[in-house]
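Here's upload.txt, which has compact mmCIF, C-alpha atoms:
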# COMPACT_ATOMS: atom_id res chain seq x y z
CA MET A 1 -230.98 -137.23 82.26
CA GLU A 2 -232.19 -136.33 85.75
CA THR A 3 -230.38 -134.02 88.18
CA ILE A 4 -229.45 -136.95 90.39
CA ASP A 5 -227.78 -138.65 87.43
CA VAL A 6 -225.76 -135.51 86.76
CA ILE A 7 -224.60 -135.39 90.39
CA ASN A 8 -223.68 -139.09 90.26
CA LEU A 9 -221.75 -138.44 87.06
CA TRP A 10 -219.86 -135.65 88.84
CA LYS A 11 -219.17 -137.92 91.81
CA ARG A 12 -217.72 -140.58 89.53
CA GLN A 13 -215.47 -137.94 88.03
CA ASN A 14 -214.39 -136.86 91.53
CA ALA A 15 -213.53 -140.40 92.55
CA LEU A 16 -211.44 -140.88 89.42
CA MET A 17 -209.79 -137.50 89.88
CA GLU A 18 -208.70 -138.34 93.43
CA LYS A 19 -206.74 -141.26 92.02
CA GLN A 20 -205.31 -139.54 88.97
CA LEU A 21 -204.51 -136.08 90.29
CA VAL A 22 -201.07 -135.66 91.78
CA VAL A 23 -199.73 -132.60 93.61
CA ASN A 24 -196.19 -131.68 92.57
CA LYS A 25 -194.93 -131.02 96.10
CA ARG A 26 -191.49 -129.87 95.03
CA LEU A 27 -192.96 -127.17 92.78
CA LEU A 28 -195.49 -126.20 95.43
CA ASN A 29 -192.67 -125.81 97.97
CA GLU A 30 -190.72 -123.69 95.49
CA MET A 31 -193.73 -121.48 94.95
CA ILE A 32 -194.50 -120.75 98.57
CA ARG A 33 -190.85 -120.14 99.39
CA TYR A 34 -189.76 -118.01 96.47
CA ARG A 35 -192.76 -116.37 94.96
CA THR A 36 -193.16 -112.90 96.39
CA SER A 37 -195.63 -111.10 94.21
CA SER A 38 -199.18 -111.51 93.08
CA SER A 39 -200.86 -110.32 89.88
CA LEU A 40 -202.02 -107.16 91.67
CA ARG A 41 -198.40 -106.12 92.10
CA GLY A 42 -198.34 -104.56 88.62
CA VAL A 43 -201.44 -102.48 89.41
CA ARG A 44 -199.83 -101.32 92.66
CA LEU A 45 -196.51 -100.53 90.95
CA ILE A 46 -198.24 -98.36 88.34
CA ARG A 47 -199.89 -96.39 91.19
CA TRP A 48 -196.58 -95.84 93.01
CA ILE A 49 -194.88 -94.66 89.82
CA GLY A 50 -197.88 -92.38 89.15
CA ILE A 51 -197.76 -90.93 92.67
CA PHE A 52 -194.02 -90.31 92.50
CA ALA A 53 -194.25 -88.70 89.05
CA GLY A 54 -197.36 -86.71 90.08
CA VAL A 55 -195.76 -85.24 93.20
CA LEU A 56 -192.59 -84.35 91.31
CA TRP A 57 -194.61 -82.79 88.49
CA CYS A 58 -196.73 -80.72 90.91
CA LEU A 59 -193.65 -79.44 92.76
CA VAL A 60 -191.83 -78.37 89.59
CA PHE A 61 -194.82 -76.92 87.76
CA GLY A 62 -196.32 -75.44 90.93
CA PHE A 63 -193.11 -73.46 91.32
CA ILE A 64 -193.20 -72.44 87.65
CA ALA A 65 -196.85 -71.34 88.02
CA ILE A 66 -196.03 -69.12 91.03
CA VAL A 67 -193.08 -67.48 89.24
CA SER A 68 -195.11 -66.83 86.10
CA TRP A 69 -197.98 -65.31 88.17
CA LEU A 70 -195.47 -62.91 89.72
CA GLU A 71 -194.22 -62.01 86.25
CA GLY A 72 -197.77 -61.34 85.07
CA ASN A 73 -197.85 -64.04 82.39
CA ILE A 74 -201.58 -64.74 82.77
CA PHE A 75 -202.23 -67.33 80.02
CA PHE A 76 -199.15 -69.38 80.87
CA SER A 77 -199.60 -69.29 84.64
CA ALA A 78 -203.35 -70.06 84.43
CA SER A 79 -202.65 -73.03 82.12
CA VAL A 80 -199.92 -74.41 84.35
CA SER A 81 -202.09 -73.88 87.46
CA VAL A 82 -204.98 -75.87 85.94
CA ASN A 83 -202.54 -78.61 84.97
CA VAL A 84 -201.07 -78.71 88.50
CA ILE A 85 -204.52 -78.83 90.14
CA VAL A 86 -205.67 -81.70 87.88
CA THR A 87 -202.39 -83.60 88.37
CA ALA A 88 -202.58 -83.14 92.16
CA THR A 89 -206.16 -84.47 92.21
CA ALA A 90 -205.19 -87.47 90.04
CA THR A 91 -202.24 -88.15 92.36
CA GLY A 92 -204.63 -88.06 95.32
CA LEU A 93 -206.88 -90.55 93.54
CA TYR A 94 -203.88 -92.82 92.96
CA ILE A 95 -203.19 -92.76 96.71
CA TYR A 96 -206.84 -93.67 97.26
CA HIS A 97 -206.37 -96.59 94.80
CA LEU A 98 -203.56 -97.94 96.98
CA ARG A 99 -205.96 -97.92 99.92
CA LEU A 100 -208.56 -99.73 97.82
CA LEU A 101 -205.95 -102.30 96.81
CA ASP A 102 -205.06 -102.87 100.46
CA ALA A 103 -208.72 -103.49 101.17
CA VAL A 104 -209.00 -106.25 98.55
CA ASP A 105 -209.13 -109.59 100.33
CA VAL A 106 -209.73 -112.60 98.11
CA SER A 107 -210.70 -114.73 101.12
CA GLU A 108 -213.88 -112.69 101.51
CA THR A 109 -217.11 -113.78 99.81
CA ILE A 110 -217.16 -113.46 96.01
CA VAL A 111 -219.61 -110.55 96.13
CA GLU A 112 -217.56 -108.57 98.69
CA ALA A 113 -214.17 -109.12 97.03
CA GLN A 114 -215.39 -108.46 93.49
CA GLN A 115 -217.22 -105.30 94.58
CA LYS A 116 -213.95 -103.92 95.93
CA LEU A 117 -212.12 -104.73 92.70
CA ILE A 118 -214.87 -103.06 90.70
CA LYS A 119 -214.71 -99.98 92.95
CA LEU A 120 -211.04 -99.74 91.98
CA LYS A 121 -211.88 -100.00 88.28
CA GLU A 122 -214.58 -97.34 88.67
CA SER A 123 -212.18 -94.96 90.36
CA ASN A 124 -209.60 -95.66 87.69
CA LEU A 125 -212.11 -94.62 85.07
CA LYS A 126 -212.92 -91.44 87.00
CA THR A 127 -209.20 -90.60 87.13
CA LEU A 128 -208.96 -91.01 83.37
CA GLY A 129 -211.97 -88.70 82.89
CA LEU A 130 -210.46 -86.12 85.23
CA LEU A 131 -207.17 -86.06 83.30
CA TRP A 132 -209.07 -85.20 80.11
CA LEU A 133 -210.37 -82.02 81.76
CA GLN A 134 -206.98 -80.38 81.27
CA LEU A 135 -207.01 -80.92 77.49
CA PRO A 136 -207.40 -77.18 76.58
CA VAL A 137 -204.40 -76.07 78.66
CA PHE A 138 -202.12 -77.69 76.09
CA SER A 139 -203.31 -74.99 73.67
CA THR A 140 -203.60 -72.05 76.05
CA TRP A 141 -200.15 -71.92 77.68
CA TYR A 142 -198.53 -70.19 74.69
CA MET A 143 -201.35 -67.67 74.14
CA SER A 144 -200.65 -64.00 74.90
CA THR A 145 -202.29 -60.57 74.93
CA GLU A 146 -199.76 -59.48 72.25
CA TRP A 147 -201.01 -62.19 69.92
CA MET A 148 -204.59 -61.07 70.61
CA GLU A 149 -203.76 -57.50 69.71
CA GLN A 150 -201.36 -58.05 66.79
CA SER A 151 -203.16 -60.88 65.00
CA PRO A 152 -206.78 -60.85 66.12
CA LEU A 153 -207.88 -62.91 63.10
CA THR A 154 -205.75 -65.98 63.92
CA PHE A 155 -206.32 -65.50 67.66
CA TRP A 156 -210.14 -65.25 67.58
CA GLY A 157 -210.69 -67.11 64.31
CA ILE A 158 -208.47 -70.16 64.89
CA GLN A 159 -206.94 -70.34 68.36
CA VAL A 160 -210.00 -69.56 70.46
CA PRO A 161 -212.28 -72.03 68.57
CA VAL A 162 -209.59 -74.75 68.93
CA VAL A 163 -209.40 -74.11 72.69
CA LEU A 164 -213.18 -74.11 73.00
CA LEU A 165 -213.38 -77.38 71.07
CA GLN A 166 -210.76 -78.95 73.33
CA ALA A 167 -212.57 -77.67 76.41
CA PHE A 168 -215.79 -79.21 75.11
CA ILE A 169 -214.11 -82.57 74.34
CA GLY A 170 -212.33 -82.59 77.73
CA PHE A 171 -215.48 -81.76 79.67
CA TRP A 172 -217.59 -84.19 77.63
CA LEU A 173 -215.16 -87.04 78.30
CA TYR A 174 -214.97 -86.10 81.99
CA ARG A 175 -218.76 -86.36 82.21
CA ASN A 176 -219.24 -89.36 79.97
CA LEU A 177 -216.36 -91.72 80.82
CA ASN A 178 -218.76 -93.43 83.13
CA TYR A 179 -220.08 -96.95 83.62
CA ARG A 180 -223.53 -95.89 82.54
CA ASN A 181 -222.17 -95.61 78.98
CA HIS A 182 -220.61 -99.06 78.96
CA ASP A 183 -222.90 -100.28 76.20
CA LYS A 184 -221.90 -97.49 73.79
CA LYS A 185 -219.47 -98.25 70.98
CA TRP A 186 -217.24 -95.21 71.59
CA PHE A 187 -216.89 -96.14 75.27
CA ARG A 188 -215.85 -99.69 74.43
CA TRP A 189 -213.30 -98.41 71.93
CA PHE A 190 -212.00 -95.88 74.45
CA VAL A 191 -211.49 -98.38 77.27
CA SER A 192 -210.28 -101.31 75.20
CA LYS A 193 -206.67 -101.10 76.40
CA GLY A 194 -204.73 -101.92 79.57
CA GLU A 195 -206.47 -101.98 82.93
CA PHE A 196 -209.68 -100.71 81.37
CA ALA A 197 -210.06 -103.65 79.01
CA SER A 198 -211.87 -105.79 81.58
CA ILE A 199 -214.45 -103.17 82.51
CA GLU A 200 -217.20 -104.56 80.31
CA LYS A 201 -216.89 -108.02 81.88
CA ALA A 202 -216.75 -106.55 85.37
CA ILE A 203 -219.97 -104.64 84.73
CA THR A 204 -221.71 -107.73 83.37
CA PHE A 205 -220.63 -109.66 86.45
CA MET A 206 -221.93 -107.10 88.91
CA LYS A 207 -225.18 -106.64 86.99
CA ALA A 208 -225.72 -110.39 87.09
CA THR A 209 -225.03 -110.36 90.84
CA GLU A 210 -226.93 -107.27 91.89
CA GLY A 211 -229.61 -106.94 89.24
CA GLU A 212 -231.52 -110.04 90.14
CA GLY A 213 -231.59 -109.40 93.87
CA ASP A 214 -233.34 -111.77 96.21
CA GLU A 215 -236.05 -113.26 94.12
CA MET B 1 -196.07 -129.47 112.36
CA GLN B 2 -194.60 -126.53 110.46
CA LYS B 3 -196.85 -124.02 108.75
CA GLU B 4 -195.59 -125.13 105.31
CA GLU B 5 -196.39 -128.76 106.04
CA VAL B 6 -199.92 -127.95 107.20
CA PHE B 7 -200.46 -125.86 104.09
CA LEU B 8 -199.20 -128.61 101.80
CA SER B 9 -201.46 -131.17 103.44
CA VAL B 10 -204.46 -128.82 103.08
CA ILE B 11 -203.69 -128.39 99.38
CA GLU B 12 -203.20 -132.14 98.98
CA SER B 13 -206.56 -132.94 100.53
CA HIS B 14 -208.38 -130.26 98.52
CA LYS B 15 -206.54 -130.56 95.21
CA GLY B 16 -209.77 -131.56 93.45
CA ILE B 17 -211.39 -128.18 94.24
CA LEU B 18 -208.49 -126.30 92.67
CA TYR B 19 -208.46 -128.49 89.60
CA LYS B 20 -212.20 -128.21 89.02
CA VAL B 21 -212.39 -124.44 89.57
CA VAL B 22 -209.43 -123.74 87.30
CA ASN B 23 -210.83 -125.97 84.56
CA ALA B 24 -214.23 -124.34 84.79
CA TYR B 25 -212.88 -120.78 84.47
CA CYS B 26 -209.91 -121.12 82.19
CA LYS B 27 -209.92 -122.85 78.82
CA ASP B 28 -206.35 -122.19 77.79
CA GLU B 29 -203.77 -124.72 79.02
CA GLU B 30 -200.96 -122.18 79.55
CA ASN B 31 -203.26 -119.73 81.37
CA ARG B 32 -204.46 -122.57 83.57
CA LYS B 33 -200.93 -123.13 84.86
CA ASP B 34 -200.66 -119.44 85.59
CA LEU B 35 -204.07 -119.32 87.26
CA ILE B 36 -203.37 -122.24 89.54
CA GLN B 37 -200.11 -120.65 90.63
CA GLU B 38 -201.90 -117.40 91.40
CA ILE B 39 -204.57 -119.22 93.43
CA ILE B 40 -202.00 -121.16 95.44
CA PHE B 41 -200.01 -117.98 96.05
CA GLN B 42 -203.14 -116.21 97.31
CA LEU B 43 -204.03 -119.21 99.50
CA TRP B 44 -200.55 -119.15 101.00
CA LYS B 45 -200.73 -115.39 101.58
CA SER B 46 -204.09 -115.73 103.34
CA PHE B 47 -203.18 -118.86 105.27
CA ASP B 48 -202.25 -116.95 108.43
CA ARG B 49 -205.62 -115.23 108.39
CA TYR B 50 -207.59 -118.43 107.90
CA ASN B 51 -210.72 -118.26 110.04
CA ASN B 52 -211.47 -121.71 111.47
CA GLN B 53 -215.11 -120.71 111.84
CA TYR B 54 -215.34 -121.91 108.23
CA LYS B 55 -214.27 -125.22 106.72
CA TYR B 56 -211.03 -125.35 104.74
CA SER B 57 -213.11 -126.12 101.66
CA THR B 58 -215.15 -122.89 102.10
CA TRP B 59 -211.96 -120.86 102.43
CA ILE B 60 -210.39 -122.54 99.38
CA TYR B 61 -213.53 -122.09 97.29
CA ARG B 62 -213.70 -118.37 98.14
CA ILE B 63 -210.10 -117.70 97.14
CA ALA B 64 -210.07 -119.99 94.10
CA LEU B 65 -213.31 -118.53 92.74
CA ASN B 66 -212.38 -114.92 93.48
CA VAL B 67 -209.01 -115.25 91.80
CA SER B 68 -210.49 -117.16 88.85
CA ILE B 69 -213.25 -114.64 88.26
CA SER B 70 -210.79 -111.72 88.37
CA PHE B 71 -208.20 -113.63 86.34
CA TYR B 72 -210.75 -114.57 83.71
CA ARG B 73 -211.69 -110.91 83.36
CA ARG B 74 -208.12 -109.73 82.92
CA GLU B 75 -207.22 -112.06 80.07
CA SER B 76 -203.69 -110.76 80.24
CA VAL B 77 -200.55 -112.62 79.34
CA ARG B 78 -198.30 -112.75 82.35
CA GLN B 79 -194.75 -113.79 82.88
CA PRO B 80 -193.91 -117.16 84.36
CA VAL B 81 -193.19 -116.89 88.05
CA THR B 82 -191.09 -119.94 88.76
CA SER B 83 -188.14 -121.63 87.17
CA PHE B 84 -190.25 -124.77 86.81
CA TYR B 85 -192.88 -123.19 84.64
CA ASN B 86 -193.09 -126.16 82.30
CA GLU B 87 -194.15 -128.31 85.20
CA GLN B 88 -197.56 -128.12 86.76
CA VAL B 89 -198.55 -127.99 90.41
CA LEU B 90 -201.47 -130.32 89.72
CA GLN B 91 -200.67 -133.10 87.34
CA VAL B 92 -202.94 -135.76 85.92
CA THR B 93 -201.25 -139.15 85.74
CA GLU B 94 -200.62 -140.68 82.30
CA GLU B 95 -203.36 -143.19 82.94
CA GLY B 96 -205.82 -140.35 83.49
CA GLN B 97 -204.74 -138.50 80.38
CA HIS B 98 -205.46 -141.48 78.16
CA SER B 99 -208.71 -142.61 79.73
CA GLU B 100 -211.77 -142.04 77.60
CA LYS B 101 -213.96 -139.21 78.67
CA ASP B 102 -217.62 -139.82 79.24
CA GLU B 103 -219.72 -138.06 76.62
CA HIS B 104 -222.18 -136.83 79.22
CA LEU B 105 -219.37 -135.51 81.35
CA GLN B 106 -218.02 -133.55 78.40
CA GLN B 107 -221.49 -132.13 77.82
CA LEU B 108 -221.68 -131.16 81.47
CA HIS B 109 -218.31 -129.39 81.32
CA GLN B 110 -219.43 -127.59 78.19
CA PHE B 111 -222.63 -126.54 79.93
CA ILE B 112 -220.68 -125.21 82.95
CA ALA B 113 -218.31 -123.30 80.67
CA GLU B 114 -221.24 -121.52 79.02
CA LEU B 115 -222.66 -120.21 82.31
CA ARG B 116 -222.03 -116.69 83.60
CA ASP B 117 -219.32 -116.28 86.27
CA MET B 118 -221.53 -116.40 89.35
CA ASP B 119 -223.82 -119.12 87.99
CA ARG B 120 -220.76 -121.17 87.10
CA ALA B 121 -219.56 -120.91 90.69
CA LEU B 122 -223.01 -121.95 91.95
CA MET B 123 -223.17 -124.89 89.56
CA LEU B 124 -219.80 -126.18 90.77
CA LEU B 125 -220.92 -125.87 94.38
CA TYR B 126 -224.25 -127.51 93.60
CA LEU B 127 -222.54 -130.49 91.96
CA GLU B 128 -220.37 -130.81 95.05
CA GLU B 129 -223.64 -131.04 97.02
CA LYS B 130 -222.87 -128.01 99.17
CA SER B 131 -225.74 -126.74 101.29
CA TYR B 132 -227.33 -123.36 100.44
CA LYS B 133 -225.85 -122.05 103.70
CA GLU B 134 -222.35 -123.00 102.60
CA MET B 135 -222.93 -121.61 99.11
CA ALA B 136 -224.03 -118.34 100.73
CA GLU B 137 -220.85 -118.28 102.86
CA ILE B 138 -218.74 -118.69 99.74
CA THR B 139 -220.55 -116.40 97.33
CA GLY B 140 -222.08 -113.75 99.59
CA LEU B 141 -225.49 -114.19 97.94
CA SER B 142 -228.55 -114.85 100.07
CA GLU B 143 -229.86 -118.41 100.36
CA THR B 144 -233.12 -117.35 98.66
CA ASN B 145 -231.23 -115.90 95.72
CA ILE B 146 -229.10 -119.04 95.50
CA GLY B 147 -232.23 -121.21 95.49
CA THR B 148 -233.74 -119.23 92.62
CA ARG B 149 -230.56 -119.31 90.58
CA ILE B 150 -229.94 -123.03 91.14
CA GLY B 151 -233.52 -123.79 90.14
CA ARG B 152 -233.07 -121.88 86.91
CA ILE B 153 -229.70 -123.50 86.14
CA LYS B 154 -231.15 -126.97 86.75
CA MET B 155 -234.00 -126.25 84.37
CA VAL B 156 -231.61 -125.20 81.58
CA LEU B 157 -229.39 -128.19 82.31
CA LYS B 158 -232.32 -130.56 82.02
CA GLN B 159 -233.37 -129.02 78.70
CA LYS B 160 -229.82 -129.28 77.41
CA PHE B 161 -229.49 -132.96 78.27
CA SER B 162 -232.93 -133.85 76.99
CA LYS B 163 -232.12 -132.29 73.60
CA THR B 164 -229.05 -134.44 73.14
CA GLN B 165 -230.70 -137.73 74.09
What do you get writing this file as C-alpha cells?
Amino acid sequence: METIDVINLWKRQNALMEKQLVVNKRLLNEMIRYRTSSSLRGVRLIRWIGIFAGVLWCLVFGFIAIVSWLEGNIFFSASVSVNVIVTATATGLYIYHLRLLDAVDVSETIVEAQQKLIKLKESNLKTLGLLWLQLPVFSTWYMSTEWMEQSPLTFWGIQVPVVLLQAFIGFWLYRNLNYRNHDKKWFRWFVSKGEFASIEKAITFMKATEGEGDE
Amino acid sequence: MQKEEVFLSVIESHKGILYKVVNAYCKDEENRKDLIQEIIFQLWKSFDRYNNQYKYSTWIYRIALNVSISFYRRESVRQPVTSFYNEQVLQVTEEGQHSEKDEHLQQLHQFIAELRDMDRALMLLYLEEKSYKEMAEITGLSETNIGTRIGRIKMVLKQKFSKTQ
C-alpha cells in the first residue's frame, strides 16, 4: 500500500465521518455555561492548601522556635528552626508553582505548552526532595544534654547513629530525587503515586522532542 | 452573532478534528468522553484569546493535542463534570456504528496508536495533508525536524502495510 493510498483511505474516512458525526448542541451549551473548572484545578487547589498550611505552620513553629531559643533548649529549638526553614522554602516553591500554572497555555505550540507542564513536574519533584532534608529533625527535637550525660551509651550508641542515618537518607534523597535517575527502579517506585506518577511518560515525551533535534 | 453561537459553529465545522485526536490518544471509551469535555472546556476558555493570525483548525489542533498529550500522561480517573455524563458531545449515528470498518483503516488506526505522542500528532497532521509550515505552527518543531520525522514514520508505515499484504 502506497502513501497516497493511505491518505485516500483517510479521506474516505473523513467524508464518512462528516455524515455520521453529530454534535450534541444541548450538551455543548450546558458545558460552556456551567462548567467552571479544568483538570488543573485539583493541582492548583493542592498548592493553595499547601501554602495556607505552610504559612500557618511556619508562624506557629517559628514562634515556638524563638521561645525555645530564649529558654536555651538547643536541640529542640534547632530542630524546629530547621523544620520551619524547610517548610518556608517548600511554601515558597508552592507559590512558584502557582505562577507556573498561570503560565500554562494550552493554545501555545505543543512543545511550548508541554515544556511548561514538565517544568512544573520538575519543580514538584525538587520540593519533594527538599522536604526529605528535614528527616533527622524528627529524631533530634527530643534530644537533650541531660540524656547525653546520664545515658551516654544509648545517646551515642543508638540515638546519634539513628540521626546520622536519617540525615544521610534525607540528604541522599534530596540529591537523587532528580530526573536524571528516572530509569532507576527505586526512583520509579518512589514516584509511582499521585502527581508524580506521570513523570516517566513526561520525560519520554520531552526526550523524544528534544533529543532528536533538527536532523 | 453571540460568542456562544460562534463557538458552537466553530466546533460544528471542526468536529472531525476533535473526534480523530481523541480517538488517537485515548483508547478507553469512558476516558474519551472525559477527554473531549476537557478539550472543549479548554477551547471555550481560550476562545477570547484566539489569534486570527492562525486558522481555526491550527488553534483547535494545538489545544486538542496539548490536552490529549497531558491527559494521556495523567491516566487519572476523574469525576463527571456534567449532569449529562452518559451522553456524549460527539455522537456517531446508529448507521455509522453498524457500518463495517475497513480492514486497512483499522490497521492504520492501530499503527497510529502505537506511535509516540509527538509522532502520533505528526501522523494525524500528515494524513490531513497539512503543510510542514502548519505542522510547525501546531507542534513547535522546526520544518526540517518535521520532514525527518514524517519520512521515518512513512517508512515504518510502508513496512507495516507491506507485511500484512
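Of the listed residues A:Leu135, A:Ile46, A:Ile158, A:Leu40, the one whose atoms come nearest to Asp105 in chain A is A:Leu40, with distances taken using all atoms listed in the file.
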Considering all atoms listed in the file, state which residue in the set B:Gln91, B:Gln37, B:Thr58, B:Gln106 is at the smallest distance from Ile17 in chain B.
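Once distances to Ile17 in chain B are computed over all atoms listed in the file, the minimum belongs to B:Thr58.
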Quick one: of B:Asn145, B:Glu128, B:Asp117, B:Ala136, who's nearest to Ser70 in chain B, counting only C-alpha atoms?
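Smallest distance to Ser70 in chain B is found for B:Asp117.
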What is the CA of Leu115 in chain B to CA of Val22 in chain A distance in Å?
28.2 Å
Taking all atoms listed in the file into account, what are the residues of chain B at most 6 Å from chain A, put as an NGL selection string?
:B and (62-63 or 66 or 73-74 or 89-93 or 96 or 127 or 138-140 or 145)
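For the pair CA of Phe171 in chain A and CA of Leu133 in chain A, the interatomic distance is 5.5 Å.
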